[in-house]
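Text of entry-v1.cif (mmCIF, C-alpha atoms and all ligand atoms) as supplied:
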data_work
loop_
_atom_site.label_atom_id
_atom_site.label_comp_id
_atom_site.auth_asym_id
_atom_site.auth_seq_id
_atom_site.Cartn_x
_atom_site.Cartn_y
_atom_site.Cartn_z
CA MET A 867 0.00 0.00 0.00
CA ILE A 868 1.41 3.40 -0.90
CA PHE A 869 0.83 6.98 0.21
CA THR A 870 0.62 9.33 -2.76
CA LYS A 871 0.78 13.02 -1.95
CA ILE A 872 -2.41 14.98 -1.33
CA ASN A 873 -1.92 18.04 -3.52
CA TYR A 874 -4.44 20.27 -1.78
CA LEU A 875 -2.95 19.62 1.68
CA GLU A 876 0.58 20.24 0.33
CA TRP A 877 -0.61 23.56 -1.08
CA ALA A 878 -2.40 24.41 2.20
CA ARG A 879 0.71 23.58 4.25
CA ARG A 880 2.82 25.79 2.03
CA TYR A 881 0.64 28.87 1.81
CA MET A 882 -2.07 29.01 4.48
CA GLY A 883 -1.03 31.34 7.26
CA SER A 884 1.77 32.81 5.10
CA VAL A 885 -0.18 35.94 4.10
CA ARG A 886 -1.97 38.79 5.84
CA TYR A 887 -5.33 38.25 4.09
CA ASP A 888 -5.94 34.53 4.33
CA LEU A 889 -9.28 33.71 2.72
CA ALA A 890 -8.32 30.09 2.07
CA ARG A 891 -9.19 28.32 5.30
CA SER A 892 -12.33 26.30 5.92
CA ASN A 893 -12.41 26.85 9.67
CA LEU A 894 -13.95 29.73 11.62
CA LYS A 895 -11.50 32.21 13.14
CA PRO A 896 -10.15 30.53 16.28
CA LEU A 897 -11.94 31.05 19.58
CA THR A 898 -10.05 33.26 22.01
CA ARG A 899 -9.35 32.21 25.62
CA ASP A 900 -11.94 34.76 26.75
CA GLU A 901 -14.58 33.38 24.41
CA LEU A 902 -13.76 29.87 25.63
CA ASP A 903 -13.99 30.97 29.28
CA LEU A 904 -12.84 27.60 30.64
CA SER A 905 -11.34 26.86 34.02
CA GLY A 906 -8.25 24.70 34.49
CA ASP A 907 -10.55 21.99 35.87
CA ALA A 908 -11.82 21.42 32.34
CA VAL A 909 -8.50 19.81 31.42
CA ASP A 910 -8.35 16.11 32.22
CA VAL A 911 -5.02 14.37 31.89
CA ARG A 912 -6.10 10.87 32.91
CA ARG A 913 -5.89 8.20 30.26
CA MET A 914 -9.21 7.65 28.48
CA ASP A 915 -10.93 4.60 27.08
CA SER A 916 -9.41 3.91 23.61
CA LEU A 917 -12.83 4.48 21.99
CA GLY A 918 -12.84 7.99 23.42
CA HIS A 919 -13.72 10.06 26.50
CA PRO A 920 -16.94 8.53 27.92
CA GLY A 921 -18.44 11.97 28.66
CA LEU A 922 -17.67 13.27 25.18
CA ARG A 923 -19.11 10.14 23.55
CA LYS A 924 -22.25 10.52 25.67
CA LEU A 925 -22.67 14.19 24.76
CA LEU A 926 -22.17 13.51 21.04
CA ALA A 927 -24.52 10.51 21.19
CA ALA A 928 -27.24 12.78 22.61
CA ARG A 929 -26.61 15.38 19.88
CA TYR A 930 -26.83 12.71 17.15
CA GLY A 931 -29.75 10.82 18.74
CA VAL A 932 -27.87 7.49 18.99
CA SER A 933 -26.37 5.36 21.79
CA PRO A 934 -22.81 6.21 23.01
CA GLU A 935 -21.60 2.81 21.71
CA ARG A 936 -22.04 4.22 18.20
CA VAL A 937 -19.60 7.12 18.73
CA PHE A 938 -15.83 6.84 18.24
CA ILE A 939 -13.51 9.79 18.96
CA THR A 940 -10.77 10.44 16.40
CA ASN A 941 -7.80 12.68 15.82
CA GLY A 942 -9.78 15.25 13.80
CA ALA A 943 -12.19 14.38 11.01
CA THR A 944 -9.08 13.51 9.01
CA MET A 945 -8.56 10.34 11.02
CA GLY A 946 -12.33 9.78 11.01
CA ILE A 947 -12.33 9.67 7.20
CA TYR A 948 -9.45 7.21 7.15
CA LEU A 949 -10.96 4.91 9.79
CA ALA A 950 -14.49 5.00 8.35
CA CYS A 951 -13.15 4.08 4.88
CA ALA A 952 -10.79 1.42 6.22
CA ALA A 953 -13.61 -0.16 8.24
CA THR A 954 -16.04 -0.35 5.32
CA LEU A 955 -13.89 -1.05 2.27
CA LEU A 956 -11.81 -3.92 0.92
CA ALA A 957 -9.33 -3.71 -1.95
CA ALA A 958 -10.96 -3.65 -5.41
CA GLU A 959 -14.34 -2.60 -4.02
CA GLU A 960 -16.07 0.36 -5.60
CA VAL A 961 -16.60 3.82 -4.13
CA LEU A 962 -18.82 6.51 -5.61
CA LEU A 963 -17.43 9.93 -4.74
CA GLU A 964 -18.88 13.39 -5.38
CA ALA A 965 -16.85 15.66 -7.68
CA PRO A 966 -15.66 18.37 -7.12
CA ASN A 967 -14.39 16.95 -3.85
CA TYR A 968 -12.15 17.41 -0.81
CA GLU A 969 -9.07 15.53 -2.02
CA PRO A 970 -8.52 13.19 0.98
CA LEU A 971 -11.93 11.67 0.19
CA TYR A 972 -10.44 10.59 -3.12
CA ARG A 973 -6.96 9.62 -1.93
CA VAL A 974 -7.95 7.51 1.09
CA PRO A 975 -10.10 4.94 -0.79
CA LEU A 976 -7.47 4.75 -3.55
CA HIS A 977 -4.80 4.17 -0.92
CA LEU A 978 -6.92 1.33 0.49
CA GLY A 979 -6.98 -0.26 -2.96
CA ALA A 980 -10.59 0.62 -3.76
CA GLU A 981 -11.78 1.77 -7.17
CA VAL A 982 -13.15 5.33 -7.18
CA LYS A 983 -15.87 6.50 -9.57
CA THR A 984 -17.28 10.01 -9.42
CA ILE A 985 -20.71 11.61 -9.57
CA GLU A 986 -20.57 15.17 -10.73
CA ARG A 987 -22.01 18.12 -8.85
CA ARG A 988 -22.48 20.92 -11.37
CA PHE A 989 -22.66 24.68 -10.86
CA GLU A 990 -25.61 24.82 -13.28
CA HIS A 991 -27.51 22.41 -11.00
CA GLY A 992 -26.79 24.40 -7.85
CA TRP A 993 -23.92 21.99 -7.02
CA GLN A 994 -26.50 19.36 -6.05
CA ILE A 995 -25.94 15.63 -6.43
CA ASP A 996 -28.01 14.51 -9.41
CA LEU A 997 -30.08 11.57 -8.11
CA GLU A 998 -30.73 10.25 -11.63
CA ALA A 999 -26.99 10.19 -12.32
CA LEU A 1000 -26.52 8.42 -8.99
CA GLU A 1001 -29.12 5.76 -9.97
CA ARG A 1002 -27.28 5.21 -13.24
CA ARG A 1003 -23.84 4.87 -11.65
CA VAL A 1004 -24.57 2.88 -8.51
CA SER A 1005 -24.41 -0.90 -8.77
CA ARG A 1006 -24.09 -4.01 -6.58
CA ARG A 1007 -20.31 -3.42 -6.76
CA THR A 1008 -20.68 -0.07 -5.00
CA LYS A 1009 -19.81 -0.45 -1.34
CA VAL A 1010 -19.58 3.18 -0.28
CA LEU A 1011 -21.02 6.50 -1.38
CA LEU A 1012 -18.66 9.20 -0.12
CA MET A 1013 -19.71 12.84 0.18
CA THR A 1014 -19.64 16.04 2.23
CA ASN A 1015 -22.52 18.04 3.71
CA PHE A 1016 -22.19 21.02 3.60
CA HIS A 1017 -20.39 20.36 0.33
CA ASN A 1018 -16.69 21.19 0.26
CA PRO A 1019 -15.83 23.30 -1.74
CA SER A 1020 -19.16 24.88 -2.80
CA GLY A 1021 -20.64 25.17 0.71
CA VAL A 1022 -24.15 24.13 -0.42
CA ALA A 1023 -26.34 21.86 1.69
CA THR A 1024 -27.99 18.62 0.62
CA ASN A 1025 -31.53 19.04 1.86
CA PRO A 1026 -33.21 16.41 4.07
CA ASP A 1027 -35.48 14.99 1.31
CA LYS A 1028 -32.50 14.49 -0.91
CA MET A 1029 -30.45 12.87 1.87
CA LEU A 1030 -33.30 10.44 2.47
CA THR A 1031 -33.62 9.47 -1.21
CA LEU A 1032 -29.89 9.27 -1.71
CA GLY A 1033 -29.65 7.02 1.38
CA GLN A 1034 -32.44 4.79 0.06
CA ILE A 1035 -30.71 4.42 -3.32
CA ALA A 1036 -27.47 3.41 -1.57
CA ARG A 1037 -29.25 0.96 0.75
CA ASP A 1038 -31.13 -0.68 -2.14
CA HIS A 1039 -27.72 -1.50 -3.65
CA GLY A 1040 -26.17 -2.71 -0.38
CA ALA A 1041 -23.89 0.35 -0.08
CA ARG A 1042 -23.08 2.50 2.94
CA VAL A 1043 -23.02 6.31 2.84
CA ILE A 1044 -20.12 8.10 4.56
CA VAL A 1045 -20.62 11.83 4.99
CA SER A 1046 -18.02 14.29 6.24
CA GLU A 1047 -20.23 16.82 8.02
CA VAL A 1048 -17.57 19.02 9.58
CA SER A 1049 -19.54 22.24 8.99
CA LEU A 1050 -23.13 20.97 9.20
CA ASP A 1051 -23.69 22.40 12.69
CA ASN A 1052 -23.46 25.83 11.07
CA ALA A 1053 -26.77 25.54 9.19
CA PHE A 1054 -28.89 28.71 9.20
CA SER A 1055 -32.20 26.89 9.05
CA PRO A 1056 -33.28 23.98 11.25
CA GLY A 1057 -34.01 20.67 9.58
CA HIS A 1058 -30.52 19.74 8.40
CA LYS A 1059 -29.82 16.47 10.19
CA PRO A 1060 -26.65 14.39 10.40
CA ALA A 1061 -26.46 11.42 8.03
CA VAL A 1062 -26.91 8.79 10.76
CA ARG A 1063 -30.46 10.05 11.27
CA TYR A 1064 -31.39 8.75 7.80
CA GLY A 1065 -30.69 5.04 8.39
CA ASP A 1066 -28.44 2.35 9.84
CA HIS A 1067 -26.25 2.20 6.74
CA MET A 1068 -25.27 5.88 7.11
CA ILE A 1069 -22.05 7.11 8.77
CA SER A 1070 -21.44 10.67 10.02
CA ILE A 1071 -18.04 12.27 10.53
CA GLY A 1072 -17.75 15.46 12.58
CA SER A 1073 -15.13 17.72 14.15
CA VAL A 1074 -14.56 20.73 16.37
CA SER A 1075 -12.10 22.13 13.80
CA LYS A 1076 -14.37 24.14 11.52
CA VAL A 1077 -17.52 25.63 12.98
CA TYR A 1078 -16.13 25.79 16.51
CA GLY A 1079 -12.81 27.29 15.36
CA LEU A 1080 -10.79 24.76 17.37
CA ASP A 1081 -8.69 22.89 14.83
CA GLY A 1082 -5.77 22.99 17.28
CA LEU A 1083 -7.54 20.44 19.52
CA ARG A 1084 -7.48 17.83 16.72
CA ILE A 1085 -10.72 16.29 17.89
CA GLY A 1086 -13.21 14.67 15.53
CA TRP A 1087 -15.56 11.68 15.65
CA VAL A 1088 -17.25 8.97 13.66
CA VAL A 1089 -20.86 8.04 14.38
CA ALA A 1090 -21.64 4.65 12.86
CA PRO A 1091 -23.38 1.33 13.48
CA GLU A 1092 -21.83 -0.53 16.43
CA SER A 1093 -20.31 -3.22 14.17
CA ILE A 1094 -18.39 -0.50 12.29
CA VAL A 1095 -17.28 1.17 15.53
CA GLU A 1096 -15.88 -2.21 16.67
CA ARG A 1097 -13.99 -2.59 13.39
CA ILE A 1098 -12.69 0.99 13.69
CA ALA A 1099 -11.38 0.21 17.19
CA GLN A 1100 -9.48 -2.79 15.79
CA ILE A 1101 -7.94 -0.65 13.04
CA GLN A 1102 -7.04 2.11 15.47
CA ASP A 1103 -4.92 -0.43 17.38
CA TYR A 1104 -2.52 -0.21 14.41
CA ILE A 1105 -2.44 3.59 14.41
CA SER A 1106 -2.67 4.99 17.93
CA GLY A 1107 -3.42 3.98 21.48
CA GLY A 1108 -6.22 6.52 21.73
CA ILE A 1109 -6.71 10.26 21.53
CA SER A 1110 -5.24 12.97 23.77
CA ALA A 1111 -7.20 13.18 27.05
CA PRO A 1112 -6.72 16.97 27.54
CA SER A 1113 -7.97 17.64 24.00
CA GLN A 1114 -11.02 15.44 24.52
CA SER A 1115 -11.87 17.03 27.85
CA LEU A 1116 -11.57 20.51 26.29
CA ALA A 1117 -13.76 19.44 23.37
CA LEU A 1118 -16.34 18.21 25.89
CA ALA A 1119 -16.32 21.55 27.75
CA VAL A 1120 -16.63 23.44 24.46
CA LEU A 1121 -19.43 21.31 23.03
CA ALA A 1122 -21.36 21.74 26.28
CA LYS A 1123 -21.61 25.40 25.16
CA ALA A 1124 -22.36 24.50 21.55
CA ASP A 1125 -25.49 26.61 21.27
CA THR A 1126 -23.71 29.83 22.25
CA LEU A 1127 -20.76 29.03 19.99
CA LEU A 1128 -23.03 28.24 17.07
CA ASP A 1129 -24.66 31.66 17.46
CA ARG A 1130 -21.17 33.09 17.07
CA SER A 1131 -20.45 31.03 13.93
CA ARG A 1132 -23.75 31.89 12.28
CA ARG A 1133 -23.28 35.59 13.00
CA ILE A 1134 -19.80 35.60 11.45
CA VAL A 1135 -20.80 33.59 8.38
CA GLN A 1136 -24.09 35.43 7.75
CA GLU A 1137 -22.35 38.79 7.79
CA ASN A 1138 -19.63 37.53 5.45
CA LEU A 1139 -22.18 36.01 3.06
CA LYS A 1140 -23.77 39.46 2.71
CA ILE A 1141 -20.40 41.06 1.98
CA LEU A 1142 -19.45 38.39 -0.56
CA GLY A 1143 -22.92 38.43 -2.16
CA GLU A 1144 -22.77 42.19 -2.70
CA TRP A 1145 -19.28 41.94 -4.14
CA ILE A 1146 -20.36 39.21 -6.60
CA ARG A 1147 -23.43 41.20 -7.69
CA ARG A 1148 -21.22 44.18 -8.56
CA ARG A 1149 -18.62 42.10 -10.38
CA GLU A 1150 -19.58 41.24 -13.93
CA GLY A 1151 -18.83 37.66 -14.96
CA CYS A 1152 -18.61 36.33 -11.40
CA GLY A 1153 -21.32 34.08 -9.96
CA TRP A 1154 -22.10 31.69 -7.12
CA VAL A 1155 -24.66 29.45 -5.51
CA GLU A 1156 -25.25 31.05 -2.14
CA PRO A 1157 -24.60 28.59 0.71
CA GLU A 1158 -27.19 28.17 3.48
CA GLY A 1159 -24.50 27.95 6.14
CA GLY A 1160 -21.16 26.17 6.53
CA THR A 1161 -17.84 27.96 6.39
CA VAL A 1162 -16.90 28.40 2.71
CA ALA A 1163 -18.31 29.47 -0.67
CA VAL A 1164 -17.19 28.98 -4.23
CA VAL A 1165 -17.05 31.88 -6.70
CA ARG A 1166 -17.22 31.36 -10.46
CA LEU A 1167 -14.63 33.47 -12.25
CA PRO A 1168 -15.23 35.39 -15.48
CA PRO A 1169 -14.44 33.35 -18.62
CA LYS A 1170 -10.80 32.60 -19.48
CA ILE A 1171 -9.41 33.45 -16.04
CA ASP A 1172 -7.14 30.72 -14.75
CA ALA A 1173 -7.76 30.25 -11.02
CA VAL A 1174 -4.21 29.05 -10.25
CA ASP A 1175 -2.65 32.08 -12.01
CA LEU A 1176 -5.11 34.38 -10.25
CA SER A 1177 -4.43 32.85 -6.83
CA ASN A 1178 -0.65 33.08 -7.31
CA TYR A 1179 -0.89 36.72 -8.43
CA LEU A 1180 -3.17 37.62 -5.50
CA ARG A 1181 -0.77 36.02 -3.05
CA GLU A 1182 2.37 37.59 -4.49
CA LYS A 1183 1.02 41.08 -5.24
CA HIS A 1184 -1.63 41.54 -2.57
CA GLY A 1185 -0.75 39.14 0.28
CA THR A 1186 -4.18 37.55 -0.21
CA LEU A 1187 -4.88 33.84 -0.39
CA VAL A 1188 -7.84 32.04 -2.03
CA VAL A 1189 -7.95 28.35 -2.98
CA PRO A 1190 -7.95 27.67 -6.74
CA GLY A 1191 -10.86 25.35 -7.55
CA ASP A 1192 -8.32 23.17 -9.37
CA TYR A 1193 -7.44 21.59 -6.00
CA PHE A 1194 -10.98 20.22 -5.95
CA TRP A 1195 -10.91 19.24 -9.67
CA LEU A 1196 -12.84 22.37 -10.58
CA ARG A 1197 -11.54 24.82 -13.19
CA GLY A 1198 -12.55 28.49 -13.37
CA PHE A 1199 -13.62 28.77 -9.70
CA ILE A 1200 -12.05 29.82 -6.39
CA ARG A 1201 -13.01 28.90 -2.82
CA ILE A 1202 -13.34 31.69 -0.27
CA SER A 1203 -13.51 31.47 3.52
CA LEU A 1204 -16.61 32.78 5.29
CA GLY A 1205 -15.09 32.37 8.73
CA VAL A 1206 -12.79 35.41 8.85
CA GLU A 1207 -13.18 38.93 10.30
CA ALA A 1208 -15.55 40.96 8.10
CA ASP A 1209 -12.90 43.67 7.50
CA LEU A 1210 -10.37 41.11 6.40
CA LEU A 1211 -12.88 39.71 3.90
CA ARG A 1212 -13.69 43.22 2.60
CA THR A 1213 -10.01 44.01 2.03
CA GLY A 1214 -9.33 40.59 0.53
CA LEU A 1215 -12.22 41.08 -1.92
CA LYS A 1216 -10.91 44.53 -2.85
CA HIS A 1217 -7.63 42.83 -3.72
CA LEU A 1218 -9.46 40.13 -5.63
CA GLY A 1219 -11.18 42.85 -7.67
CA SER A 1220 -7.83 44.48 -8.50
CA ALA A 1221 -6.36 41.11 -9.49
CA LEU A 1222 -9.33 40.37 -11.76
CA ASP A 1223 -8.93 43.83 -13.36
CA HIS A 1224 -5.29 42.96 -13.99
CA PHE A 1225 -6.18 39.69 -15.74
CA GLN A 1226 -9.07 41.24 -17.68
CA ARG A 1227 -7.20 44.34 -18.90
CA PRO A 1228 -7.26 44.68 -22.70
CA LEU A 1229 -4.02 43.64 -24.40
CA ARG A 1230 -2.15 46.53 -25.99
C1 LIG B 1301 -14.93 17.95 4.33
C2 LIG B 1301 -13.80 17.89 5.29
N1 LIG B 1301 -13.63 16.80 6.03
C3 LIG B 1301 -12.61 16.72 6.93
C4 LIG B 1301 -11.73 17.74 7.12
C5 LIG B 1301 -10.62 17.61 8.15
O1 LIG B 1301 -11.03 18.13 9.36
P1 LIG B 1301 -10.15 18.04 10.71
O2 LIG B 1301 -9.43 19.32 10.89
O3 LIG B 1301 -11.16 17.82 11.79
O4 LIG B 1301 -9.23 16.88 10.57
C6 LIG B 1301 -11.85 18.90 6.36
C7 LIG B 1301 -10.88 20.01 6.52
O5 LIG B 1301 -10.79 20.90 5.70
C8 LIG B 1301 -12.92 18.98 5.43
O6 LIG B 1301 -13.10 20.09 4.69
#

What is this file in structure tokens?
Amino acid sequence: MIFTKINYLEWARRYMGSVRYDLARSNLKPLTRDELDLSGDAVDVRRMDSLGHPGLRKLLAARYGVSPERVFITNGATMGIYLACAATLLAAEEVLLEAPNYEPLYRVPLHLGAEVKTIERRFEHGWQIDLEALERRVSRRTKVLLMTNFHNPSGVATNPDKMLTLGQIARDHGARVIVSEVSLDNAFSPGHKPAVRYGDHMISIGSVSKVYGLDGLRIGWVVAPESIVERIAQIQDYISGGISAPSQSLALAVLAKADTLLDRSRRIVQENLKILGEWIRRREGCGWVEPEGGTVAVVRLPPKIDAVDLSNYLREKHGTLVVPGDYFWLRGFIRISLGVEADLLRTGLKHLGSALDHFQRPLR
């Protein structure tokens, strides 16, 4: 088994945090110590059960409406994706993956020896998964349908009716559905439910990294049927002896205040969506599908603008970073963070406007 490089993460490691106007991240601006308002007692250093902190598993189980035995704590959603795929896939089995996609969702199944086929999400269709295309592509060979909700990179939600139908299609073919839902808690309207609420063959992956602005804790989780959690525990024995106790206890203290923190996330993202929406309306040739929450949005560029060239120019000339859609297999688009300070977004967009003017200037 080999590890090929994950181009998007290499790019992120190289450039994120290297500029003043970083609009490339998918997490909310980090919580300050004051906002966290935690006492030293919140930090537990005792060794935890290898499936995770019992209190954290209980709290997450209540949030997801399942029993604690179905929750497994991981080192970020990153490890959750790896473990969920490793526990459900054998070499040569088939995975259906949304495209554009978050690259690890493509690399991990390939690394496990699975065969990856894609189902396109198109801008013209509001970035939604086309259920008819899914019906055509899915077969008895399909073992896993792999997707994100909210979708990374476009930020759009898959609505509950669609999740239900999509889950039924997968179940009829004997496939499981694994959904990375790292930003789903930041939905503006109620009704968006985690995948596990749509059936026993569904698996949810979550994290405190994005919406809660706590990617430094490296805490994520998988919520799955008990048989899958048992398999995950066996696989984890190869990888780690469990997850940091202080991080888990901090995640528990933070999630106990989830409602207040989610108000914060929604406020930040709603304000930024207004700013970005106004900018797009004024900018001829640009377009988007407005997200209903989450932490990122995708902007369509005017024709003939290369997103990688634009991103490089913005970084070098204006100290501003946006992710070229190319890292999600999407040409002519960029991904922009909705989790930053409003003023930073405003300035970054001003720079983006100047960069677009530069690329669109008439040739002499
Ligand atoms: C869809 C998706 N899943 C998982 C992750 C990884 O999250 P974590 O920081 O919790 O490992 C990301 C990070 O960008 C993501 O966008």

Could you list, as a ChimeraX atom specification, all residues that come within 8 Å of ligand LIG 1301 (chain B)? Count all atoms listed in the file.
/A:891-893,941-947,968,971,1014-1019,1046-1049,1071-1076,1081,1084-1086

Within 7 Å of range 1010-1012 of chain A, counting all atoms listed in the file, which residues qualify if same-chain residues fewer than 5 places away don't, as a PyMOL selection string?
chain A and resi 960-964+1041-1045

For range 1124-1140 of chain A, please output as a ChimeraX atom specification all residues within 12 Å (counting all atoms listed in the file; exclusion window: fewer than 6 positions along the same chain).
/A:889,892-898,901-903,925-926,929,1021,1049-1055,1074,1076-1080,1117-1118,1146-1147,1154-1165,1202-1212,1214-1215

Dump of C-alpha atoms for the selected residues, as an mmCIF file, keeping the file's coordinate frame:
data_model
loop_
_atom_site.group_PDB
_atom_site.id
_atom_site.type_symbol
_atom_site.label_atom_id
_atom_site.label_comp_id
_atom_site.auth_asym_id
_atom_site.auth_seq_id
_atom_site.Cartn_x
_atom_site.Cartn_y
_atom_site.Cartn_z
ATOM 1 C CA LEU A 889 -9.280 33.710 2.720
ATOM 2 C CA SER A 892 -12.330 26.300 5.920
ATOM 3 C CA ASN A 893 -12.410 26.850 9.670
ATOM 4 C CA LEU A 894 -13.950 29.730 11.620
ATOM 5 C CA LYS A 895 -11.500 32.210 13.140
ATOM 6 C CA PRO A 896 -10.150 30.530 16.280
ATOM 7 C CA LEU A 897 -11.940 31.050 19.580
ATOM 8 C CA THR A 898 -10.050 33.260 22.010
ATOM 9 C CA GLU A 901 -14.580 33.380 24.410
ATOM 10 C CA LEU A 902 -13.760 29.870 25.630
ATOM 11 C CA ASP A 903 -13.990 30.970 29.280
ATOM 12 C CA LEU A 925 -22.670 14.190 24.760
ATOM 13 C CA LEU A 926 -22.170 13.510 21.040
ATOM 14 C CA ARG A 929 -26.610 15.380 19.880
ATOM 15 C CA GLY A 1021 -20.640 25.170 0.710
ATOM 16 C CA SER A 1049 -19.540 22.240 8.990
ATOM 17 C CA LEU A 1050 -23.130 20.970 9.200
ATOM 18 C CA ASP A 1051 -23.690 22.400 12.690
ATOM 19 C CA ASN A 1052 -23.460 25.830 11.070
ATOM 20 C CA ALA A 1053 -26.770 25.540 9.190
ATOM 21 C CA PHE A 1054 -28.890 28.710 9.200
ATOM 22 C CA SER A 1055 -32.200 26.890 9.050
ATOM 23 C CA VAL A 1074 -14.560 20.730 16.370
ATOM 24 C CA LYS A 1076 -14.370 24.140 11.520
ATOM 25 C CA VAL A 1077 -17.520 25.630 12.980
ATOM 26 C CA TYR A 1078 -16.130 25.790 16.510
ATOM 27 C CA GLY A 1079 -12.810 27.290 15.360
ATOM 28 C CA LEU A 1080 -10.790 24.760 17.370
ATOM 29 C CA ALA A 1117 -13.760 19.440 23.370
ATOM 30 C CA LEU A 1118 -16.340 18.210 25.890
ATOM 31 C CA ILE A 1146 -20.360 39.210 -6.600
ATOM 32 C CA ARG A 1147 -23.430 41.200 -7.690
ATOM 33 C CA TRP A 1154 -22.100 31.690 -7.120
ATOM 34 C CA VAL A 1155 -24.660 29.450 -5.510
ATOM 35 C CA GLU A 1156 -25.250 31.050 -2.140
ATOM 36 C CA PRO A 1157 -24.600 28.590 0.710
ATOM 37 C CA GLU A 1158 -27.190 28.170 3.480
ATOM 38 C CA GLY A 1159 -24.500 27.950 6.140
ATOM 39 C CA GLY A 1160 -21.160 26.170 6.530
ATOM 40 C CA THR A 1161 -17.840 27.960 6.390
ATOM 41 C CA VAL A 1162 -16.900 28.400 2.710
ATOM 42 C CA ALA A 1163 -18.310 29.470 -0.670
ATOM 43 C CA VAL A 1164 -17.190 28.980 -4.230
ATOM 44 C CA VAL A 1165 -17.050 31.880 -6.700
ATOM 45 C CA ILE A 1202 -13.340 31.690 -0.270
ATOM 46 C CA SER A 1203 -13.510 31.470 3.520
ATOM 47 C CA LEU A 1204 -16.610 32.780 5.290
ATOM 48 C CA GLY A 1205 -15.090 32.370 8.730
ATOM 49 C CA VAL A 1206 -12.790 35.410 8.850
ATOM 50 C CA GLU A 1207 -13.180 38.930 10.300
ATOM 51 C CA ALA A 1208 -15.550 40.960 8.100
ATOM 52 C CA ASP A 1209 -12.900 43.670 7.500
ATOM 53 C CA LEU A 1210 -10.370 41.110 6.400
ATOM 54 C CA LEU A 1211 -12.880 39.710 3.900
ATOM 55 C CA ARG A 1212 -13.690 43.220 2.600
ATOM 56 C CA GLY A 1214 -9.330 40.590 0.530
ATOM 57 C CA LEU A 1215 -12.220 41.080 -1.920
#

With all atoms listed in the file as the counted atoms, please give the residues lying no more than 6 Å from Gly1185 in chain A, apart from itself and same-chain residues fewer than 3 positions off, as an MDAnalysis selection string.
chainID A and resid 885:886 1181:1182

Using only C-alpha atoms, which residue out of A:Ile939, A:Leu1167, A:Val974, A:Leu956 lies closest to Thr870 in chain A?
A:Val974

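Counting from CA of Lys1123 in chain A, the distance to CA of Arg923 in chain A is 15.5 Å.
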
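Note that the spacing between CA of Asp1192 in chain A and CA of Tyr881 in chain A amounts to 15.4 Å.
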
Per residue of range 1009-1035 of chain A within 8 Å of range 986-994 of chain A, which atom pair is closest and at what distance in Å (one decimal), using only C-alpha atoms, listed by chain and increasing number, as a Markdown table?
| residue | atom | partner | partner_atom | distance |
| --- | --- | --- | --- | --- |
| A:Ser1020 | CA | A:Trp993 | CA | 7.0 |
| A:Val1022 | CA | A:Trp993 | CA | 6.9 |
| A:Thr1024 | CA | A:Gln994 | CA | 6.9 |

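With all atoms listed in the file as the atoms that count, the residue of A:Ala1111, A:Val1188, A:Leu997, A:Val1088 with the shortest distance to Val1174 in chain A is A:Val1188.
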
d(CA of His1039 in chain A, CA of Val932 in chain A) in Å:
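Separating CA of His1039 in chain A from CA of Val932 in chain A is a distance of 24.4 Å.
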
Go through A:Ile1098, A:Ile1109, A:Val1189, A:Leu1196 and flag the residue nearest His919 in chain A, using all atoms listed in the file for the distances.
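Going through A:Ile1098, A:Ile1109, A:Val1189, A:Leu1196 one by one, the smallest distance to His919 in chain A is for A:Ile1109.
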
Nearest residue to Arg973 in chain A from the set A:Val1089, A:Cys951, A:Val1120, A:Ala927 (distances using all atoms listed in the file)
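The answer is A:Cys951, which sits nearest to Arg973 in chain A.
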
Just range 997-1018 of chain A, please, as a PDB file, in the first residue's frame (only C-alpha atoms).
ATOM      1  CA  LEU A 997     -30.077  11.566  -8.113  1.00  0.00           C
ATOM      2  CA  GLU A 998     -30.734  10.248 -11.632  1.00  0.00           C
ATOM      3  CA  ALA A 999     -26.988  10.194 -12.324  1.00  0.00           C
ATOM      4  CA  LEU A1000     -26.525   8.418  -8.988  1.00  0.00           C
ATOM      5  CA  GLU A1001     -29.118   5.763  -9.966  1.00  0.00           C
ATOM      6  CA  ARG A1002     -27.279   5.213 -13.239  1.00  0.00           C
ATOM      7  CA  ARG A1003     -23.838   4.869 -11.654  1.00  0.00           C
ATOM      8  CA  VAL A1004     -24.570   2.884  -8.507  1.00  0.00           C
ATOM      9  CA  SER A1005     -24.406  -0.898  -8.769  1.00  0.00           C
ATOM     10  CA  ARG A1006     -24.087  -4.006  -6.582  1.00  0.00           C
ATOM     11  CA  ARG A1007     -20.312  -3.420  -6.763  1.00  0.00           C
ATOM     12  CA  THR A1008     -20.681  -0.074  -4.997  1.00  0.00           C
ATOM     13  CA  LYS A1009     -19.805  -0.451  -1.336  1.00  0.00           C
ATOM     14  CA  VAL A1010     -19.576   3.180  -0.276  1.00  0.00           C
ATOM     15  CA  LEU A1011     -21.016   6.501  -1.378  1.00  0.00           C
ATOM     16  CA  LEU A1012     -18.663   9.204  -0.122  1.00  0.00           C
ATOM     17  CA  MET A1013     -19.709  12.842   0.179  1.00  0.00           C
ATOM     18  CA  THR A1014     -19.636  16.045   2.227  1.00  0.00           C
ATOM     19  CA  ASN A1015     -22.520  18.035   3.715  1.00  0.00           C
ATOM     20  CA  PHE A1016     -22.187  21.023   3.603  1.00  0.00           C
ATOM     21  CA  HIS A1017     -20.387  20.364   0.334  1.00  0.00           C
ATOM     22  CA  ASN A1018     -16.694  21.189   0.264  1.00  0.00           C
TER      23      ASN A1018
END
